[in-house]
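Trainee: One structure, pasted below without further comment.
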Amino acid sequence: MMNRKIERILLVFILLIFVSFRGFSQSITVKASVDTNLILIGDQIKLHFELTQPNNFQVNFPNFNDTIIDKIEILERLNIDTVIVNNNLLLLKQDYLITCFDSGIYEIPEFKFAFKSNNDTLSDTISTRSFYIGVQTMKIDTAQANAIADIKLPIEAPITINEALPYILYALAIIVFVLLVIYLIRKRKKHEPILKKKIKPKEPANVIALRDLDKIKHEKYWQKGKVKYFHSIVTDVLRTYIENRFDINAMEKTSQEIISEFTNSNLLEKKSFEKLKQILSLADFVKFAKLNPLIDENEASLNNAYEFVNKTKKVVEIDNPEKDKENEKTEIINDKNKKVV
């Protein structure tokens, strides 16, 4: 009696489980379909899977390697797309890109989806319906197939600008190269420089120096406490002037070397020499002995710099046409007088 009771209890329990799974399976639906059931060899179509399930269930899609079935190849596996239908229901979609290279009719079998509740350890399966895919070859016109025809020549495609551009650039490069060689040969025969340098008219040394001294005078550095800087830039202006005017490398020489350079030459008058010596000596005392000269001494250095430049500037003789005519008349009169004598 006890055994029969146990068997009945187990039977009822199994029936309850089966009924519960059947109830759950009714809320889980799966579907498999393709874009079209008839394709040509090599055509690509999509195999669609659609799954509707409660959100408290786990459902596994079927797993494939490289083929769906023999000769139906998988080209690409797309990601699963999930759509929330309502609070308790989900719609999952997954597509496969497939193709076939052999003609025939192929049965796509049922695909099984395994599912189980999150609150249970037991699982069950649900399947899609099977369907067929027809793969056919290109239709051949038998009447034309037996006809004799000439061999067709290759179709000549028009040349695009991208194809012609490299050849155009090569041709232009060759032309430029040839013209350059001709230009160089002509220049060499005429003994002319290849590139003509534009020589800018150089400002006179005294014009540059006086302009720089005017800037220093305008700034009045010695009145702003920049005494050392004032004497430094005044001597730099004079050194640059000496280089341009007398062709002496004054920027690379010490003050004593510059003074010695003029002592051993007759380039300066005594008064100009003394003014230069005063400017350089005072600047050295300010720079090295940290001397703080009087205001009058600072102004004297600037005034002496002006006077030094003005006294030593290069005088350019300007042609005077009227004076030349007078000289010519004088020479003609003198010649006539000589002939009369």
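We name chains A, B, ... following the order of the structure tokens; residues begin at 1 in each chain, and ligands are numbered from 1 as shown.
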Which residues of stretch 157-270 of chain A sit at most 9 Å from stretch 299-311 of chain A, using only C-alpha atoms? Give each one's shortest atom pair and distance in Å (one decimal place), in chain and ascending residue order, as CSV.
Mentor:
```
residue,atom,partner,partner_atom,distance
A:Ala205,CA,A:Val309,CA,8.8
A:Asn206,CA,A:Val309,CA,6.0
A:Ala209,CA,A:Val309,CA,7.3
A:Leu210,CA,A:Tyr306,CA,6.9
A:Leu213,CA,A:Tyr306,CA,7.3
A:Ile216,CA,A:Leu302,CA,8.6
A:Lys217,CA,A:Leu302,CA,7.6
A:Trp222,CA,A:Glu299,CA,8.6
A:His231,CA,A:Ser301,CA,8.1
A:Val234,CA,A:Leu302,CA,7.2
A:Thr235,CA,A:Ala305,CA,8.6
A:Val237,CA,A:Ala305,CA,8.9
A:Leu238,CA,A:Ala305,CA,7.2
A:Tyr241,CA,A:Val309,CA,7.9
A:Glu269,CA,A:Lys311,CA,8.9
```
Trainee: As a ChimeraX atom specification, list the residues of stretch 28-168 of chain A assigned to alpha helix (DSSP H) by DSSP on the backbone atoms of this structure.
Mentor: /A:142-145,161-168
Trainee: For those residues, write N, CA and C atoms to a file as a compact mmCIF listing (two decimals), in the first residue's frame.
Mentor:
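To be explicit, this is the file written out as part-v2.txt:
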```
# COMPACT_ATOMS: atom_id res chain seq x y z
N THR A 142 19.11 27.56 -74.83
CA THR A 142 19.69 26.45 -75.60
C THR A 142 19.79 26.78 -77.08
N ALA A 143 18.89 27.61 -77.59
CA ALA A 143 18.93 27.98 -79.01
C ALA A 143 20.19 28.78 -79.31
N GLN A 144 20.55 29.69 -78.40
CA GLN A 144 21.74 30.51 -78.60
C GLN A 144 23.01 29.74 -78.24
N ALA A 145 22.88 28.73 -77.38
CA ALA A 145 24.06 28.00 -76.93
C ALA A 145 24.72 27.24 -78.07
N ILE A 161 40.21 60.24 -65.03
CA ILE A 161 41.20 61.27 -64.70
C ILE A 161 42.20 60.76 -63.68
N ASN A 162 41.74 59.89 -62.75
CA ASN A 162 42.65 59.33 -61.74
C ASN A 162 43.70 58.43 -62.38
N GLU A 163 43.31 57.72 -63.45
CA GLU A 163 44.26 56.86 -64.14
C GLU A 163 45.25 57.67 -64.97
N ALA A 164 44.77 58.77 -65.55
CA ALA A 164 45.64 59.58 -66.42
C ALA A 164 46.53 60.54 -65.65
N LEU A 165 46.13 60.89 -64.42
CA LEU A 165 46.86 61.91 -63.66
C LEU A 165 48.33 61.57 -63.44
N PRO A 166 48.71 60.34 -63.05
CA PRO A 166 50.14 60.04 -62.87
C PRO A 166 50.95 60.28 -64.14
N TYR A 167 50.42 59.90 -65.30
CA TYR A 167 51.15 60.09 -66.56
C TYR A 167 51.29 61.58 -66.89
N ILE A 168 50.24 62.35 -66.60
CA ILE A 168 50.32 63.80 -66.84
C ILE A 168 51.39 64.43 -65.97
```
Trainee: Any idea what's packed within 8 Å of A:Leu51, counting only C-alpha atoms, ignoring anything in its chain fewer than 3 positions away? Could you give it as a PDB file with N, CA and C atoms, in the first residue's frame?
Mentor:
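Printed below is result.pdb as written:
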```pdb
ATOM      1  N   ILE A  28       6.385  31.046 -24.458  1.00  0.00           N
ATOM      2  CA  ILE A  28       7.645  31.110 -25.209  1.00  0.00           C
ATOM      3  C   ILE A  28       7.358  30.666 -26.634  1.00  0.00           C
ATOM      4  N   THR A  29       7.647  31.535 -27.596  1.00  0.00           N
ATOM      5  CA  THR A  29       7.447  31.197 -29.010  1.00  0.00           C
ATOM      6  C   THR A  29       8.741  31.434 -29.769  1.00  0.00           C
ATOM      7  N   VAL A  30       9.011  30.574 -30.743  1.00  0.00           N
ATOM      8  CA  VAL A  30      10.202  30.719 -31.574  1.00  0.00           C
ATOM      9  C   VAL A  30       9.784  30.609 -33.033  1.00  0.00           C
ATOM     10  N   LYS A  31      10.528  31.300 -33.888  1.00  0.00           N
ATOM     11  CA  LYS A  31      10.199  31.311 -35.305  1.00  0.00           C
ATOM     12  C   LYS A  31      11.482  31.435 -36.107  1.00  0.00           C
ATOM     13  N   LEU A  91      11.250  40.307 -26.613  1.00  0.00           N
ATOM     14  CA  LEU A  91      11.352  39.825 -27.987  1.00  0.00           C
ATOM     15  C   LEU A  91      12.817  39.898 -28.402  1.00  0.00           C
ATOM     16  N   LEU A  92      13.408  38.733 -28.733  1.00  0.00           N
ATOM     17  CA  LEU A  92      14.812  38.654 -29.123  1.00  0.00           C
ATOM     18  C   LEU A  92      14.904  38.246 -30.591  1.00  0.00           C
ATOM     19  N   LYS A  93      15.778  38.945 -31.335  1.00  0.00           N
ATOM     20  CA  LYS A  93      15.959  38.653 -32.759  1.00  0.00           C
ATOM     21  C   LYS A  93      17.440  38.461 -33.058  1.00  0.00           C
TER      22      LYS A  93
END
```
Trainee: Residues near A:Pro109, anyone? I mean within 8 Å using only C-alpha atoms, not counting same-chain ones fewer than 5 positions away, as a tab-separated table (two decimals) with C-alpha atoms, in the first residue's frame.
Mentor:
```
chain	number	residue	atom	x	y	z
A	129	ARG	CA	9.10	24.69	-37.90
A	130	SER	CA	11.11	23.25	-40.76
A	131	PHE	CA	11.00	24.81	-44.24
```
Trainee: How many Å lie between atom CA of A:Lys215 and atom CA of A:Thr312, rounded to one decimal?
Mentor: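 So the answer is 20.4 Å.
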Trainee: Calculated over only C-alpha atoms, which of the candidates A:Asn88, A:Ser117, A:Leu38, A:Gly104 has the smallest distance to A:Asn60?
Mentor: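 Looking at the shortest contact to A:Asn60, the residue is A:Ser117.
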Trainee: Which residue, A:Ile72, A:Asn244, A:Asp236, A:Phe230, has the smallest gap to A:Val207 when you use only C-alpha atoms?
Mentor: A:Asn244
Trainee: Point out the residue among A:Asn79, A:Gln223, A:Thr240, A:Gln136 with the least atom-to-atom distance to A:Ser103, counting only C-alpha atoms.
Mentor: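 Nearest to A:Ser103: A:Gln136.
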Trainee: Compile the contact shell of A:Ile105 as a ChimeraX atom specification: residues with an atom at most 10 Å away, counting only C-alpha atoms, same-chain residues fewer than 5 positions apart removed.
Mentor: /A:37-38,132-136
Trainee: Please write the residues from the selection above to a file, keeping N, CA and C atoms, as a PDB file, in the first residue's frame.
Mentor:
```
ATOM      1  N   ASN A  37      12.544  31.989 -50.335  1.00  0.00           N
ATOM      2  CA  ASN A  37      12.782  30.546 -50.368  1.00  0.00           C
ATOM      3  C   ASN A  37      13.362  30.073 -51.691  1.00  0.00           C
ATOM      4  N   LEU A  38      13.606  30.976 -52.642  1.00  0.00           N
ATOM      5  CA  LEU A  38      14.166  30.590 -53.933  1.00  0.00           C
ATOM      6  C   LEU A  38      15.263  31.587 -54.302  1.00  0.00           C
ATOM      7  N   TYR A 132      11.816  24.896 -46.546  1.00  0.00           N
ATOM      8  CA  TYR A 132      12.693  24.524 -47.661  1.00  0.00           C
ATOM      9  C   TYR A 132      13.258  25.780 -48.336  1.00  0.00           C
ATOM     10  N   ILE A 133      14.476  25.605 -48.873  1.00  0.00           N
ATOM     11  CA  ILE A 133      15.117  26.640 -49.685  1.00  0.00           C
ATOM     12  C   ILE A 133      15.511  26.010 -51.013  1.00  0.00           C
ATOM     13  N   GLY A 134      15.092  26.633 -52.111  1.00  0.00           N
ATOM     14  CA  GLY A 134      15.469  26.155 -53.436  1.00  0.00           C
ATOM     15  C   GLY A 134      16.602  26.999 -53.999  1.00  0.00           C
ATOM     16  N   VAL A 135      17.646  26.325 -54.519  1.00  0.00           N
ATOM     17  CA  VAL A 135      18.802  27.009 -55.104  1.00  0.00           C
ATOM     18  C   VAL A 135      18.896  26.581 -56.559  1.00  0.00           C
ATOM     19  N   GLN A 136      18.825  27.538 -57.482  1.00  0.00           N
ATOM     20  CA  GLN A 136      18.849  27.194 -58.905  1.00  0.00           C
ATOM     21  C   GLN A 136      19.978  27.921 -59.621  1.00  0.00           C
TER      22      GLN A 136
END
```
Trainee: Quick one: pick out all strand (DSSP E or B) residues within stretch 49-157 of chain A from a backbone DSSP run and write them as a PyMOL selection string.
Mentor: chain A and resi 49-54+57-60+67-69+72-77+81-86+89-99+104-108+112-117+124-127+131-136
Trainee: If you keep C-alpha atoms, can you produce a file of those selected residues as a PDB file, in the first residue's frame?
Mentor:
```pdb
ATOM      1  CA  PHE A  49      15.299  33.869 -35.663  1.00  0.00           C
ATOM      2  CA  GLU A  50      12.599  35.428 -33.471  1.00  0.00           C
ATOM      3  CA  LEU A  51      12.108  34.443 -29.826  1.00  0.00           C
ATOM      4  CA  THR A  52       9.402  35.671 -27.445  1.00  0.00           C
ATOM      5  CA  GLN A  53       9.953  34.799 -23.764  1.00  0.00           C
ATOM      6  CA  PRO A  54       9.093  35.912 -20.217  1.00  0.00           C
ATOM      7  CA  PHE A  57      13.410  32.782 -18.206  1.00  0.00           C
ATOM      8  CA  GLN A  58      16.739  31.890 -19.760  1.00  0.00           C
ATOM      9  CA  VAL A  59      16.529  30.776 -23.400  1.00  0.00           C
ATOM     10  CA  ASN A  60      19.545  29.647 -25.439  1.00  0.00           C
ATOM     11  CA  THR A  67      27.099  25.959 -41.810  1.00  0.00           C
ATOM     12  CA  ILE A  68      23.390  25.790 -41.030  1.00  0.00           C
ATOM     13  CA  ILE A  69      23.202  22.409 -42.743  1.00  0.00           C
ATOM     14  CA  ILE A  72      24.199  26.106 -46.602  1.00  0.00           C
ATOM     15  CA  GLU A  73      27.123  28.253 -45.442  1.00  0.00           C
ATOM     16  CA  ILE A  74      27.163  30.998 -42.813  1.00  0.00           C
ATOM     17  CA  LEU A  75      28.846  34.210 -44.010  1.00  0.00           C
ATOM     18  CA  GLU A  76      28.138  36.393 -40.986  1.00  0.00           C
ATOM     19  CA  ARG A  77      26.575  36.034 -37.540  1.00  0.00           C
ATOM     20  CA  ASP A  81      18.666  42.429 -30.767  1.00  0.00           C
ATOM     21  CA  THR A  82      16.418  42.633 -27.679  1.00  0.00           C
ATOM     22  CA  VAL A  83      13.080  44.489 -27.565  1.00  0.00           C
ATOM     23  CA  ILE A  84      10.970  44.870 -24.396  1.00  0.00           C
ATOM     24  CA  VAL A  85       7.374  44.065 -25.364  1.00  0.00           C
ATOM     25  CA  ASN A  86       5.950  44.736 -21.878  1.00  0.00           C
ATOM     26  CA  LEU A  89       7.779  39.778 -22.025  1.00  0.00           C
ATOM     27  CA  LEU A  90      10.901  40.133 -24.208  1.00  0.00           C
ATOM     28  CA  LEU A  91      11.352  39.825 -27.987  1.00  0.00           C
ATOM     29  CA  LEU A  92      14.812  38.654 -29.123  1.00  0.00           C
ATOM     30  CA  LYS A  93      15.959  38.653 -32.759  1.00  0.00           C
ATOM     31  CA  GLN A  94      19.086  37.263 -34.380  1.00  0.00           C
ATOM     32  CA  ASP A  95      20.047  37.089 -38.071  1.00  0.00           C
ATOM     33  CA  TYR A  96      22.548  34.966 -40.009  1.00  0.00           C
ATOM     34  CA  LEU A  97      23.796  35.898 -43.476  1.00  0.00           C
ATOM     35  CA  ILE A  98      23.836  32.637 -45.488  1.00  0.00           C
ATOM     36  CA  THR A  99      24.547  31.458 -49.042  1.00  0.00           C
ATOM     37  CA  GLY A 104      19.035  21.851 -55.311  1.00  0.00           C
ATOM     38  CA  ILE A 105      16.224  21.902 -52.775  1.00  0.00           C
ATOM     39  CA  TYR A 106      17.355  21.955 -49.155  1.00  0.00           C
ATOM     40  CA  GLU A 107      15.238  21.211 -46.100  1.00  0.00           C
ATOM     41  CA  ILE A 108      15.989  23.535 -43.231  1.00  0.00           C
ATOM     42  CA  LYS A 112      15.743  23.693 -30.883  1.00  0.00           C
ATOM     43  CA  PHE A 113      15.866  26.420 -28.215  1.00  0.00           C
ATOM     44  CA  ALA A 114      16.620  25.281 -24.653  1.00  0.00           C
ATOM     45  CA  PHE A 115      14.895  27.231 -21.858  1.00  0.00           C
ATOM     46  CA  LYS A 116      14.447  27.166 -18.090  1.00  0.00           C
ATOM     47  CA  SER A 117      13.018  29.352 -15.380  1.00  0.00           C
ATOM     48  CA  ASP A 124      13.095  22.001 -21.617  1.00  0.00           C
ATOM     49  CA  THR A 125      13.266  22.715 -25.365  1.00  0.00           C
ATOM     50  CA  ILE A 126      11.046  24.338 -27.961  1.00  0.00           C
ATOM     51  CA  SER A 127      11.521  24.020 -31.730  1.00  0.00           C
ATOM     52  CA  PHE A 131      10.997  24.814 -44.243  1.00  0.00           C
ATOM     53  CA  TYR A 132      12.693  24.524 -47.661  1.00  0.00           C
ATOM     54  CA  ILE A 133      15.117  26.640 -49.685  1.00  0.00           C
ATOM     55  CA  GLY A 134      15.469  26.155 -53.436  1.00  0.00           C
ATOM     56  CA  VAL A 135      18.802  27.009 -55.104  1.00  0.00           C
ATOM     57  CA  GLN A 136      18.849  27.194 -58.905  1.00  0.00           C
TER      58      GLN A 136
END
```
Trainee: For the atom pair atom CA of A:Ala32 and atom CA of A:Thr128, what is the interatomic distance in Å to one decimal place?
Mentor: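 So the answer is 6.0 Å.
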Trainee: Taking only C-alpha atoms into account, which of A:Phe101, A:Phe246, A:Arg239, A:Asn118 comes nearest A:Gln44?
Mentor: A:Phe101
